[in-house]
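K.L.:
Next up, run31.txt (compact mmCIF, C-alpha atoms).
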# COMPACT_ATOMS: atom_id res chain seq x y z
CA MET A 415 11.78 -25.31 6.47
CA THR A 416 14.09 -22.89 8.25
CA ILE A 417 14.93 -19.31 7.33
CA ALA A 418 17.12 -16.68 8.91
CA ALA A 419 15.78 -13.29 9.90
CA ASP A 420 16.69 -10.51 7.48
CA SER A 421 16.22 -7.79 10.07
CA SER A 422 17.47 -7.41 13.62
CA LEU A 423 13.99 -6.11 14.45
CA VAL A 424 12.41 -9.55 13.98
CA THR A 425 11.02 -11.06 17.17
CA LYS A 426 10.40 -14.53 15.78
CA VAL A 427 10.73 -16.42 12.51
CA VAL A 428 7.72 -18.53 11.50
CA PRO A 429 8.39 -19.87 7.99
CA SER A 430 5.52 -19.92 5.53
CA PRO A 431 5.55 -22.50 2.71
CA ASN A 432 3.73 -19.99 0.50
CA GLN A 433 6.63 -18.50 -1.39
CA GLY A 434 8.66 -18.83 -4.59
CA GLU A 435 11.36 -17.22 -6.67
CA ARG A 436 11.12 -13.60 -7.74
CA LYS A 437 10.54 -13.56 -11.49
CA ASP A 438 13.10 -12.23 -13.99
CA GLY A 439 15.70 -11.86 -11.28
CA ARG A 440 13.86 -8.91 -9.70
CA ARG A 441 15.09 -7.55 -6.42
CA PRO A 442 12.72 -5.77 -4.10
CA ASP A 443 12.31 -2.08 -4.90
CA MET A 444 8.87 -1.57 -3.35
CA ILE A 445 7.23 -2.07 0.04
CA VAL A 446 3.50 -2.81 0.18
CA LEU A 447 1.59 -2.33 3.44
CA HIS A 448 -1.55 -4.32 4.28
CA TYR A 449 -3.92 -4.86 7.14
CA THR A 450 -4.70 -8.51 7.92
CA GLY A 451 -8.48 -8.01 7.81
CA MET A 452 -9.10 -10.87 10.23
CA LYS A 453 -10.45 -11.08 13.77
CA ASP A 454 -7.04 -11.38 15.44
CA GLY A 455 -3.35 -11.90 14.84
CA LEU A 456 -3.38 -15.64 15.47
CA SER A 457 -5.99 -16.15 12.77
CA ALA A 458 -3.89 -14.09 10.38
CA LEU A 459 -0.72 -16.03 11.19
CA GLN A 460 -2.49 -19.33 10.61
CA GLN A 461 -3.79 -18.09 7.25
CA LEU A 462 -0.44 -16.74 6.13
CA THR A 463 1.32 -20.02 6.90
CA ASN A 464 -1.39 -22.41 5.67
CA PRO A 465 -0.31 -24.06 2.38
CA LEU A 466 -3.95 -24.44 1.34
CA ALA A 467 -4.55 -20.69 1.66
CA GLN A 468 -1.77 -19.84 -0.81
CA VAL A 469 -1.18 -16.42 0.74
CA SER A 470 1.75 -15.08 2.71
CA SER A 471 3.77 -11.97 3.44
CA HIS A 472 7.36 -11.32 4.36
CA TYR A 473 6.43 -9.83 7.71
CA LEU A 474 3.56 -9.75 10.20
CA VAL A 475 3.42 -6.86 12.67
CA TRP A 476 1.39 -7.62 15.78
CA ASP A 477 -0.64 -5.07 17.70
CA ASP A 478 1.91 -5.09 20.53
CA GLY A 479 4.73 -4.26 18.11
CA ARG A 480 6.24 -7.72 17.71
CA ILE A 481 7.49 -8.49 14.21
CA PHE A 482 7.36 -12.02 12.79
CA GLN A 483 9.17 -12.90 9.58
CA LEU A 484 7.42 -15.49 7.43
CA VAL A 485 9.25 -15.33 4.08
CA PRO A 486 12.84 -14.29 3.28
CA GLU A 487 13.09 -10.93 1.57
CA SER A 488 15.00 -12.59 -1.27
CA ALA A 489 11.95 -14.75 -2.03
CA ARG A 490 8.60 -13.90 -3.60
CA ALA A 491 5.82 -13.83 -1.00
CA TRP A 492 2.19 -14.12 -2.11
CA HIS A 493 0.73 -10.97 -0.59
CA ALA A 494 -0.27 -8.59 -3.37
CA GLY A 495 -2.23 -10.72 -5.84
CA ALA A 496 -3.31 -9.24 -9.15
CA GLY A 497 -2.37 -5.59 -9.41
CA ALA A 498 0.00 -3.07 -10.92
CA TRP A 499 1.92 0.11 -10.27
CA GLY A 500 3.54 2.09 -13.03
CA ARG A 501 5.11 -0.40 -15.41
CA ASP A 502 5.11 -3.21 -12.83
CA THR A 503 2.41 -5.83 -13.25
CA ASP A 504 3.88 -8.50 -10.95
CA ILE A 505 3.90 -6.70 -7.62
CA ASN A 506 4.90 -9.81 -5.68
CA SER A 507 8.16 -10.09 -7.62
CA CYS A 508 9.28 -6.53 -6.93
CA SER A 509 8.02 -5.92 -3.41
CA VAL A 510 8.36 -6.74 0.27
CA GLY A 511 4.96 -7.28 1.87
CA ILE A 512 4.14 -6.24 5.44
CA GLU A 513 0.88 -7.40 7.01
CA ILE A 514 -0.23 -5.37 10.03
CA VAL A 515 -2.64 -7.01 12.46
CA ASN A 516 -5.90 -5.06 12.19
CA GLY A 517 -9.46 -6.20 11.57
CA GLY A 518 -9.93 -3.70 8.77
CA HIS A 519 -13.22 -2.63 7.23
CA ASP A 520 -14.93 -5.96 7.93
CA TYR A 521 -14.31 -5.50 11.66
CA GLY A 522 -15.14 -1.81 12.02
CA LEU A 523 -11.75 -0.44 10.91
CA PRO A 524 -10.20 -0.23 14.39
CA ASP A 525 -7.33 2.13 15.11
CA PHE A 526 -3.81 0.85 14.63
CA THR A 527 -1.85 0.75 17.88
CA SER A 528 1.03 3.11 18.51
CA GLU A 529 3.29 0.13 19.14
CA GLN A 530 2.63 -1.45 15.77
CA ILE A 531 3.02 1.83 13.91
CA ASP A 532 6.38 2.40 15.62
CA ALA A 533 7.38 -1.13 14.64
CA THR A 534 6.19 -0.62 11.07
CA ILE A 535 8.17 2.60 10.77
CA ALA A 536 11.33 0.92 12.05
CA LEU A 537 10.84 -2.09 9.78
CA CYS A 538 10.18 0.04 6.68
CA ARG A 539 13.24 2.14 7.44
CA ASP A 540 15.37 -0.99 7.78
CA ILE A 541 14.08 -2.64 4.59
CA ALA A 542 14.28 0.57 2.55
CA ALA A 543 17.87 1.18 3.64
CA ARG A 544 19.05 -2.33 2.82
CA TRP A 545 17.39 -2.44 -0.61
CA THR A 546 17.60 1.29 -1.45
CA ILE A 547 13.83 1.58 -1.84
CA PRO A 548 12.73 5.16 -2.60
CA ALA A 549 9.98 6.84 -0.61
CA HIS A 550 7.50 6.89 -3.51
CA ARG A 551 7.72 3.09 -3.76
CA ILE A 552 6.26 2.54 -0.27
CA LEU A 553 2.60 1.92 -1.07
CA ALA A 554 -0.76 0.74 0.17
CA HIS A 555 -2.16 -2.54 -1.10
CA SER A 556 -5.13 -0.51 -2.30
CA ASP A 557 -2.82 1.61 -4.47
CA THR A 558 -1.75 -1.44 -6.46
CA ALA A 559 -5.20 -3.08 -6.59
CA PRO A 560 -7.85 -0.35 -6.36
CA ALA A 561 -10.66 -2.52 -7.71
CA ARG A 562 -10.11 -5.29 -5.16
CA LYS A 563 -8.49 -3.96 -2.02
CA ALA A 564 -8.99 -1.22 0.58
CA ASP A 565 -6.09 -1.94 2.94
CA PRO A 566 -4.48 -0.67 5.03
CA GLY A 567 -7.38 1.78 4.89
CA GLU A 568 -8.07 5.43 5.46
CA LYS A 569 -7.25 5.28 9.18
CA PHE A 570 -3.68 4.17 8.56
CA PRO A 571 -1.44 7.08 9.72
CA TRP A 572 0.62 7.75 6.60
CA ASP A 573 1.35 11.22 7.95
CA ARG A 574 3.05 9.69 10.99
CA LEU A 575 5.20 7.51 8.74
CA ALA A 576 6.07 10.53 6.61
CA ALA A 577 7.12 12.49 9.70
CA ALA A 578 9.58 9.67 10.35
CA GLY A 579 10.89 9.82 6.79
CA ILE A 580 8.91 6.85 5.47
CA GLY A 581 6.87 7.07 2.28
CA HIS A 582 6.01 9.81 -0.19
CA PHE A 583 3.52 12.25 1.27
CA VAL A 584 2.40 15.87 1.20
CA PRO A 585 -0.05 17.56 3.59
CA PRO A 586 -3.53 16.91 2.18
CA VAL A 587 -5.26 19.99 0.84
CA PRO A 588 -8.23 20.80 3.12
CA LEU A 589 -11.75 20.13 1.87
CA THR A 590 -13.07 23.16 0.04
CA GLU A 591 -15.79 24.19 -2.37
CA GLY A 592 -15.03 23.82 -6.05
CA PRO A 593 -15.45 21.57 -9.09
CA ARG A 594 -16.35 17.94 -8.39
CA PHE A 595 -16.08 15.12 -10.89
CA ALA A 596 -17.96 11.86 -10.36
CA ARG A 597 -19.19 8.80 -12.24
CA GLY A 598 -20.55 9.82 -15.64
CA ALA A 599 -18.55 13.04 -16.07
CA GLU A 600 -16.72 13.45 -19.35
CA GLY A 601 -14.34 15.86 -21.01
CA PRO A 602 -10.85 17.38 -20.81
CA PRO A 603 -10.85 17.89 -17.00
CA VAL A 604 -11.53 14.18 -16.47
CA GLN A 605 -8.87 13.30 -19.03
CA ALA A 606 -6.38 15.53 -17.20
CA LEU A 607 -7.25 13.89 -13.86
CA GLN A 608 -6.75 10.42 -15.31
CA ALA A 609 -3.43 11.46 -16.85
CA MET A 610 -2.18 12.75 -13.48
CA LEU A 611 -3.22 9.56 -11.69
CA ALA A 612 -1.44 7.48 -14.33
CA LEU A 613 1.65 9.70 -14.10
CA TYR A 614 1.80 9.15 -10.35
CA GLY A 615 1.69 5.36 -10.83
CA TYR A 616 -1.90 4.18 -10.72
CA THR A 617 -3.17 1.88 -13.46
CA MET A 618 -5.51 4.40 -15.05
CA PRO A 619 -6.60 4.39 -18.70
CA VAL A 620 -6.88 7.95 -20.00
CA THR A 621 -10.28 7.98 -21.69
CA GLY A 622 -11.83 11.28 -20.66
CA VAL A 623 -14.78 9.38 -19.14
CA PHE A 624 -15.20 9.16 -15.36
CA ASP A 625 -16.12 5.48 -15.22
CA GLU A 626 -16.07 2.79 -12.52
CA THR A 627 -12.32 2.30 -12.84
CA THR A 628 -11.69 6.01 -12.37
CA GLU A 629 -13.91 6.03 -9.29
CA GLN A 630 -12.01 3.06 -7.83
CA VAL A 631 -8.63 4.70 -8.41
CA VAL A 632 -9.77 8.03 -6.97
CA THR A 633 -11.07 6.16 -3.91
CA ALA A 634 -7.72 4.41 -3.46
CA PHE A 635 -5.90 7.72 -3.82
CA GLN A 636 -8.12 9.34 -1.18
CA ARG A 637 -7.59 6.45 1.25
CA HIS A 638 -3.84 6.96 1.11
CA PHE A 639 -3.33 10.66 0.51
CA ARG A 640 -6.55 12.59 1.29
CA PRO A 641 -8.51 10.50 3.82
CA ALA A 642 -10.77 13.26 5.15
CA CYS A 643 -13.49 12.15 2.71
CA VAL A 644 -13.24 8.83 0.89
CA ASP A 645 -16.06 8.86 -1.64
CA GLY A 646 -14.47 8.34 -5.06
CA ILE A 647 -15.46 11.85 -6.15
CA ALA A 648 -12.59 13.96 -7.45
CA ASP A 649 -13.13 17.20 -5.59
CA LEU A 650 -10.78 20.17 -5.63
CA ALA A 651 -8.87 19.00 -2.55
CA THR A 652 -8.25 15.58 -4.13
CA ILE A 653 -7.02 17.09 -7.40
CA LYS A 654 -4.77 19.65 -5.69
CA THR A 655 -3.27 17.02 -3.36
CA LEU A 656 -2.51 14.85 -6.39
CA ARG A 657 -0.90 17.84 -8.12
CA ASP A 658 1.28 18.52 -5.07
CA LEU A 659 2.37 14.88 -4.85
CA ILE A 660 3.44 14.84 -8.49
CA ALA A 661 5.35 18.08 -8.01
CA ALA A 662 7.15 16.52 -5.03
CA LEU A 663 8.33 13.42 -6.92
CA PRO A 664 12.07 13.07 -7.52
CA ALA A 665 13.14 14.45 -10.89
CA ALA A 666 14.29 11.03 -12.13
CA VAL A 667 10.86 9.41 -11.73
Could you render the structure as structure tokens?
P.N.:
Amino acid sequence: MTIAADSSLVTKVVPSPNQGERKDGRRPDMIVLHYTGMKDGLSALQQLTNPLAQVSSHYLVWDDGRIFQLVPESARAWHAGAGAWGRDTDINSCSVGIEIVNGGHDYGLPDFTSEQIDATIALCRDIAARWTIPAHRILAHSDTAPARKADPGEKFPWDRLAAAGIGHFVPPVPLTEGPRFARGAEGPPVQALQAMLALYGYTMPVTGVFDETTEQVVTAFQRHFRPACVDGIADLATIKTLRDLIAALPAAV
């Protein structure tokens, strides 16, 4: 199997057999960022190109900033698994997946290197420009699968990407005293919180009961947008940051 690089930023093409056609003629209109969650980049590359593993991504960003392409952007890579965002329930068919070499939570959540963040910024900018992907459609894997995934994690520097014009982001509201909603809470404030999370894009049933699903979605939101305290409790800073994000969405969304 041979494929051509879609981006001039690609250092090397290593084709993965784990790919298919995008369903219903979808073109990519989303970018999903992951960490590899393995001990090193070589292990991740072997996994992403192993036909028995049945996982892949379009790109792999190494800790020294090299970018490998594994799947053509026109094809459907198998990176997101079961998940949803807004009305989309087949994330693989509408997204470009970028795996970033990092051990993740299982390996102590190490810092991402400056080189790989610079490379990720450049790659996201290139992909978004070619496919006209809006900022609010550049997401964490944990955003699309809050019950299953935590990557790229709370140490991923979304603020640095935002400063470079990548992704939808507002300055997180500082931690402060105020109402806190956690597992077991019920009532209109919880219903309002769930409605705001669903409006932003998370798969969030609006029940008025702060259940396990609500806790998982709040945790995913905090990892991406308010990482100072990731505990699944909707404190005032979490709620206000969510409010500010919604207010900053384009009018057409």
K.L.:
Do you know which residues lie at most 12 Å from (16.7, -9.2, -10.0), with coordinates as in the file and only C-alpha atoms counted, and could you write them as a ChimeraX atom specification?
P.N.:
/A:435-443,488-490,507-509,545
K.L.:
What lies within 12 Å of A:Met415 using only C-alpha atoms, ignoring chain neighbours under 4 positions off, as an NGL selection string?
P.N.:
:A and (427-433 or 463 or 484-486)
K.L.:
Save the residues we just selected, C-alpha atoms, as an mmCIF file, in the frame of the given file?
P.N.:
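Wrote part.cif, looks like this:
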data_model
loop_
_atom_site.group_PDB
_atom_site.id
_atom_site.type_symbol
_atom_site.label_atom_id
_atom_site.label_comp_id
_atom_site.auth_asym_id
_atom_site.auth_seq_id
_atom_site.Cartn_x
_atom_site.Cartn_y
_atom_site.Cartn_z
ATOM 1 C CA VAL A 427 10.730 -16.420 12.510
ATOM 2 C CA VAL A 428 7.720 -18.530 11.500
ATOM 3 C CA PRO A 429 8.390 -19.870 7.990
ATOM 4 C CA SER A 430 5.520 -19.920 5.530
ATOM 5 C CA PRO A 431 5.550 -22.500 2.710
ATOM 6 C CA ASN A 432 3.730 -19.990 0.500
ATOM 7 C CA GLN A 433 6.630 -18.500 -1.390
ATOM 8 C CA THR A 463 1.320 -20.020 6.900
ATOM 9 C CA LEU A 484 7.420 -15.490 7.430
ATOM 10 C CA VAL A 485 9.250 -15.330 4.080
ATOM 11 C CA PRO A 486 12.840 -14.290 3.280
#
K.L.:
So how far away is atom CA of A:Gly451 from atom CA of A:His519, in Å?
P.N.:
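Going from atom CA of A:His519 over to atom CA of A:Gly451 covers 7.2 Å.
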K.L.:
Determine, counting only C-alpha atoms, every residue of protein, DNA or RNA that lies within 6 Å of (-1.0, 2.5, 12.1) in the file coordinates, then give the result as number ranges by chain.
P.N.:
A: 526, 531, 570-571
K.L.:
My list of candidates is A:Met452, A:His493, A:Ala662, A:Ile580. Which is closest to A:Arg539 when distances are computed with all atoms listed in the file?
P.N.:
A:Ile580
K.L.:
Please determine, counting all atoms listed in the file, which residue among A:Val510, A:Leu466, A:Leu423, A:Ile653 has the shortest atom-to-atom distance to A:Phe482.
P.N.:
A:Leu423
K.L.:
Smallest atom-to-atom distance to A:Val587: which of A:Asp477, A:Asp520, A:Asp658, A:Asp573, using only C-alpha atoms?
P.N.:
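Among the listed residues, the smallest separation from A:Val587 belongs to A:Asp658.
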K.L.:
Nearest residue to A:Glu591 out of A:Ala612, A:Ala491, A:Thr558, A:Ala648, using only C-alpha atoms?
P.N.:
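Closest candidate: A:Ala648.
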K.L.:
Could you give me, as a PyMOL selection string, the residues within 10 Å of A:Thr655, counting all atoms listed in the file and dropping anything in the same chain fewer than 6 positions from it?
P.N.:
chain A and resi 583-588+635-636+639-640+661
K.L.:
Using all atoms listed in the file, pick whichever of A:Ala467, A:Ile417, A:Asp478, A:Gly615 has the shortest atom-to-atom distance to A:Asp502.
P.N.:
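Of A:Ala467, A:Ile417, A:Asp478, A:Gly615, the one nearest A:Asp502 is A:Gly615, counting all atoms listed in the file.
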K.L.:
From the options A:Arg501, A:Arg637, A:Arg480, A:Lys453, which residue's atoms come nearest to A:Asp532, counting all atoms listed in the file?
P.N.:
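Closest to A:Asp532 of all the choices is A:Arg480.
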K.L.:
So the first atom is atom CA of A:Arg562 and the second is atom CA of A:Glu513; what is the distance between them in Å, to one decimal place?
P.N.:
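Result for atom CA of A:Arg562 versus atom CA of A:Glu513: 16.5 Å, one decimal.
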K.L.:
What is the distance between atom CA of A:Ile547 and atom CA of A:Glu487, in Å to one decimal?
P.N.:
13.0 Å
K.L.:
Please report, as JSON, the centre and edge lengths in Å to one decimal of an axis-aligned box covering all listed atoms of stretch 480-494 of chain A with 8 Å per side.
P.N.:
{"center_x": 7.4, "center_y": -11.6, "center_z": 7.1, "size_x": 31.3, "size_y": 23.8, "size_z": 37.3}
K.L.:
Env of A:Val631: 10 Å cut, atoms = only C-alpha atoms, seq-sep filter 2 positions within chain, self excluded. Answer as a list in words.
P.N.:
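That gives Ser556, Asp557, Thr558, Ala559, Pro560, Ala561, Gln608, Leu611, Ala612, Tyr616, Thr617, Met618, Glu626, Thr627, Thr628, Glu629, Thr633, Ala634, Phe635, Gln636, Arg637 and Gly646 of chain A.
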K.L.:
Could you give me, as a PDB file with C-alpha atoms, keeping the file's coordinate frame, the residues within 8 Å of A:Arg594, counting all atoms listed in the file and dropping anything in the same chain fewer than 4 positions from it?
P.N.:
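In the end it all went to selection-v3.pdb:
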ATOM      1  CA  ILE A 647     -15.460  11.850  -6.150  1.00  0.00           C
ATOM      2  CA  ALA A 648     -12.590  13.960  -7.450  1.00  0.00           C
ATOM      3  CA  ASP A 649     -13.130  17.200  -5.590  1.00  0.00           C
ATOM      4  CA  LEU A 650     -10.780  20.170  -5.630  1.00  0.00           C
TER       5      LEU A 650
END
K.L.:
Which residues, written as JSON, numbers by chain, have at least one atom at most 8 Å from A:Gly622, with all atoms listed in the file counted and residues fewer than 5 positions away on the same chain left out?
P.N.:
{"A": [600, 601, 602, 603, 604, 605, 606, 608]}
K.L.:
Would you mind putting N, CA and C atoms back on stretch 456-491 of chain A and writing the result as a PDB file, in the coordinates of the input?
P.N.:
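And here is the file that came out, rebuild-v9.pdb:
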ATOM      1  N   LEU A 456      -3.581 -14.203  15.588  1.00  0.00           N
ATOM      2  CA  LEU A 456      -3.380 -15.640  15.470  1.00  0.00           C
ATOM      3  C   LEU A 456      -4.078 -16.190  14.229  1.00  0.00           C
ATOM      4  N   SER A 457      -5.283 -15.718  13.974  1.00  0.00           N
ATOM      5  CA  SER A 457      -5.990 -16.150  12.770  1.00  0.00           C
ATOM      6  C   SER A 457      -5.219 -15.757  11.515  1.00  0.00           C
ATOM      7  N   ALA A 458      -4.666 -14.551  11.535  1.00  0.00           N
ATOM      8  CA  ALA A 458      -3.890 -14.090  10.380  1.00  0.00           C
ATOM      9  C   ALA A 458      -2.637 -14.929  10.200  1.00  0.00           C
ATOM     10  N   LEU A 459      -1.936 -15.222  11.284  1.00  0.00           N
ATOM     11  CA  LEU A 459      -0.720 -16.030  11.190  1.00  0.00           C
ATOM     12  C   LEU A 459      -1.027 -17.412  10.636  1.00  0.00           C
ATOM     13  N   GLN A 460      -2.109 -18.002  11.113  1.00  0.00           N
ATOM     14  CA  GLN A 460      -2.490 -19.330  10.610  1.00  0.00           C
ATOM     15  C   GLN A 460      -2.791 -19.279   9.113  1.00  0.00           C
ATOM     16  N   GLN A 461      -3.464 -18.233   8.660  1.00  0.00           N
ATOM     17  CA  GLN A 461      -3.790 -18.090   7.250  1.00  0.00           C
ATOM     18  C   GLN A 461      -2.540 -17.892   6.403  1.00  0.00           C
ATOM     19  N   LEU A 462      -1.627 -17.075   6.894  1.00  0.00           N
ATOM     20  CA  LEU A 462      -0.440 -16.740   6.130  1.00  0.00           C
ATOM     21  C   LEU A 462       0.579 -17.878   6.068  1.00  0.00           C
ATOM     22  N   THR A 463       0.399 -18.883   6.900  1.00  0.00           N
ATOM     23  CA  THR A 463       1.320 -20.020   6.900  1.00  0.00           C
ATOM     24  C   THR A 463       0.634 -21.327   6.494  1.00  0.00           C
ATOM     25  N   ASN A 464      -0.618 -21.240   6.076  1.00  0.00           N
ATOM     26  CA  ASN A 464      -1.390 -22.410   5.670  1.00  0.00           C
ATOM     27  C   ASN A 464      -1.150 -22.665   4.180  1.00  0.00           C
ATOM     28  N   PRO A 465      -0.585 -23.810   3.803  1.00  0.00           N
ATOM     29  CA  PRO A 465      -0.310 -24.060   2.380  1.00  0.00           C
ATOM     30  C   PRO A 465      -1.566 -24.085   1.527  1.00  0.00           C
ATOM     31  N   LEU A 466      -2.707 -24.414   2.110  1.00  0.00           N
ATOM     32  CA  LEU A 466      -3.950 -24.440   1.340  1.00  0.00           C
ATOM     33  C   LEU A 466      -4.456 -23.033   1.031  1.00  0.00           C
ATOM     34  N   ALA A 467      -4.081 -22.061   1.858  1.00  0.00           N
ATOM     35  CA  ALA A 467      -4.550 -20.690   1.660  1.00  0.00           C
ATOM     36  C   ALA A 467      -3.819 -19.998   0.512  1.00  0.00           C
ATOM     37  N   GLN A 468      -2.586 -20.403   0.270  1.00  0.00           N
ATOM     38  CA  GLN A 468      -1.770 -19.840  -0.810  1.00  0.00           C
ATOM     39  C   GLN A 468      -1.628 -18.321  -0.717  1.00  0.00           C
ATOM     40  N   VAL A 469      -1.492 -17.834   0.511  1.00  0.00           N
ATOM     41  CA  VAL A 469      -1.180 -16.420   0.740  1.00  0.00           C
ATOM     42  C   VAL A 469      -0.072 -16.349   1.785  1.00  0.00           C
ATOM     43  N   SER A 470       0.679 -15.273   1.739  1.00  0.00           N
ATOM     44  CA  SER A 470       1.750 -15.080   2.710  1.00  0.00           C
ATOM     45  C   SER A 470       2.183 -13.622   2.650  1.00  0.00           C
ATOM     46  N   SER A 471       3.107 -13.277   3.508  1.00  0.00           N
ATOM     47  CA  SER A 471       3.770 -11.970   3.440  1.00  0.00           C
ATOM     48  C   SER A 471       5.168 -12.172   4.000  1.00  0.00           C
ATOM     49  N   HIS A 472       6.014 -11.213   3.786  1.00  0.00           N
ATOM     50  CA  HIS A 472       7.360 -11.320   4.360  1.00  0.00           C
ATOM     51  C   HIS A 472       7.320 -11.106   5.860  1.00  0.00           C
ATOM     52  N   TYR A 473       6.468 -10.175   6.291  1.00  0.00           N
ATOM     53  CA  TYR A 473       6.430  -9.830   7.710  1.00  0.00           C
ATOM     54  C   TYR A 473       4.985  -9.719   8.209  1.00  0.00           C
ATOM     55  N   LEU A 474       4.827  -9.961   9.495  1.00  0.00           N
ATOM     56  CA  LEU A 474       3.560  -9.750  10.200  1.00  0.00           C
ATOM     57  C   LEU A 474       3.872  -8.918  11.432  1.00  0.00           C
ATOM     58  N   VAL A 475       3.224  -7.757  11.531  1.00  0.00           N
ATOM     59  CA  VAL A 475       3.420  -6.860  12.670  1.00  0.00           C
ATOM     60  C   VAL A 475       2.221  -6.971  13.594  1.00  0.00           C
ATOM     61  N   TRP A 476       2.464  -7.421  14.811  1.00  0.00           N
ATOM     62  CA  TRP A 476       1.390  -7.620  15.780  1.00  0.00           C
ATOM     63  C   TRP A 476       0.999  -6.300  16.434  1.00  0.00           C
ATOM     64  N   ASP A 477      -0.160  -6.306  17.093  1.00  0.00           N
ATOM     65  CA  ASP A 477      -0.640  -5.070  17.700  1.00  0.00           C
ATOM     66  C   ASP A 477       0.195  -4.614  18.881  1.00  0.00           C
ATOM     67  N   ASP A 478       1.024  -5.498  19.449  1.00  0.00           N
ATOM     68  CA  ASP A 478       1.910  -5.090  20.530  1.00  0.00           C
ATOM     69  C   ASP A 478       3.307  -4.715  20.024  1.00  0.00           C
ATOM     70  N   GLY A 479       3.471  -4.682  18.702  1.00  0.00           N
ATOM     71  CA  GLY A 479       4.730  -4.260  18.110  1.00  0.00           C
ATOM     72  C   GLY A 479       5.698  -5.371  17.765  1.00  0.00           C
ATOM     73  N   ARG A 480       5.353  -6.608  18.108  1.00  0.00           N
ATOM     74  CA  ARG A 480       6.240  -7.720  17.710  1.00  0.00           C
ATOM     75  C   ARG A 480       6.222  -7.872  16.188  1.00  0.00           C
ATOM     76  N   ILE A 481       7.355  -8.297  15.647  1.00  0.00           N
ATOM     77  CA  ILE A 481       7.490  -8.490  14.210  1.00  0.00           C
ATOM     78  C   ILE A 481       7.884  -9.941  13.945  1.00  0.00           C
ATOM     79  N   PHE A 482       7.045 -10.658  13.220  1.00  0.00           N
ATOM     80  CA  PHE A 482       7.360 -12.020  12.790  1.00  0.00           C
ATOM     81  C   PHE A 482       7.778 -11.988  11.325  1.00  0.00           C
ATOM     82  N   GLN A 483       8.807 -12.736  10.988  1.00  0.00           N
ATOM     83  CA  GLN A 483       9.170 -12.900   9.580  1.00  0.00           C
ATOM     84  C   GLN A 483       8.693 -14.260   9.108  1.00  0.00           C
ATOM     85  N   LEU A 484       8.010 -14.263   7.957  1.00  0.00           N
ATOM     86  CA  LEU A 484       7.420 -15.490   7.430  1.00  0.00           C
ATOM     87  C   LEU A 484       8.104 -15.953   6.145  1.00  0.00           C
ATOM     88  N   VAL A 485       8.630 -15.031   5.375  1.00  0.00           N
ATOM     89  CA  VAL A 485       9.250 -15.330   4.080  1.00  0.00           C
ATOM     90  C   VAL A 485      10.526 -14.512   3.972  1.00  0.00           C
ATOM     91  N   PRO A 486      11.625 -15.084   3.471  1.00  0.00           N
ATOM     92  CA  PRO A 486      12.840 -14.290   3.280  1.00  0.00           C
ATOM     93  C   PRO A 486      12.602 -13.159   2.277  1.00  0.00           C
ATOM     94  N   GLU A 487      13.245 -12.048   2.495  1.00  0.00           N
ATOM     95  CA  GLU A 487      13.090 -10.930   1.570  1.00  0.00           C
ATOM     96  C   GLU A 487      13.569 -11.276   0.159  1.00  0.00           C
ATOM     97  N   SER A 488      14.491 -12.202   0.047  1.00  0.00           N
ATOM     98  CA  SER A 488      15.000 -12.590  -1.270  1.00  0.00           C
ATOM     99  C   SER A 488      13.978 -13.399  -2.064  1.00  0.00           C
ATOM    100  N   ALA A 489      12.956 -13.910  -1.376  1.00  0.00           N
ATOM    101  CA  ALA A 489      11.950 -14.750  -2.030  1.00  0.00           C
ATOM    102  C   ALA A 489      10.689 -13.933  -2.342  1.00  0.00           C
ATOM    103  N   ARG A 490       9.853 -14.519  -3.157  1.00  0.00           N
ATOM    104  CA  ARG A 490       8.600 -13.900  -3.600  1.00  0.00           C
ATOM    105  C   ARG A 490       7.468 -14.377  -2.700  1.00  0.00           C
ATOM    106  N   ALA A 491       6.982 -13.506  -1.823  1.00  0.00           N
ATOM    107  CA  ALA A 491       5.820 -13.830  -1.000  1.00  0.00           C
ATOM    108  C   ALA A 491       4.550 -13.570  -1.800  1.00  0.00           C
TER     109      ALA A 491
END
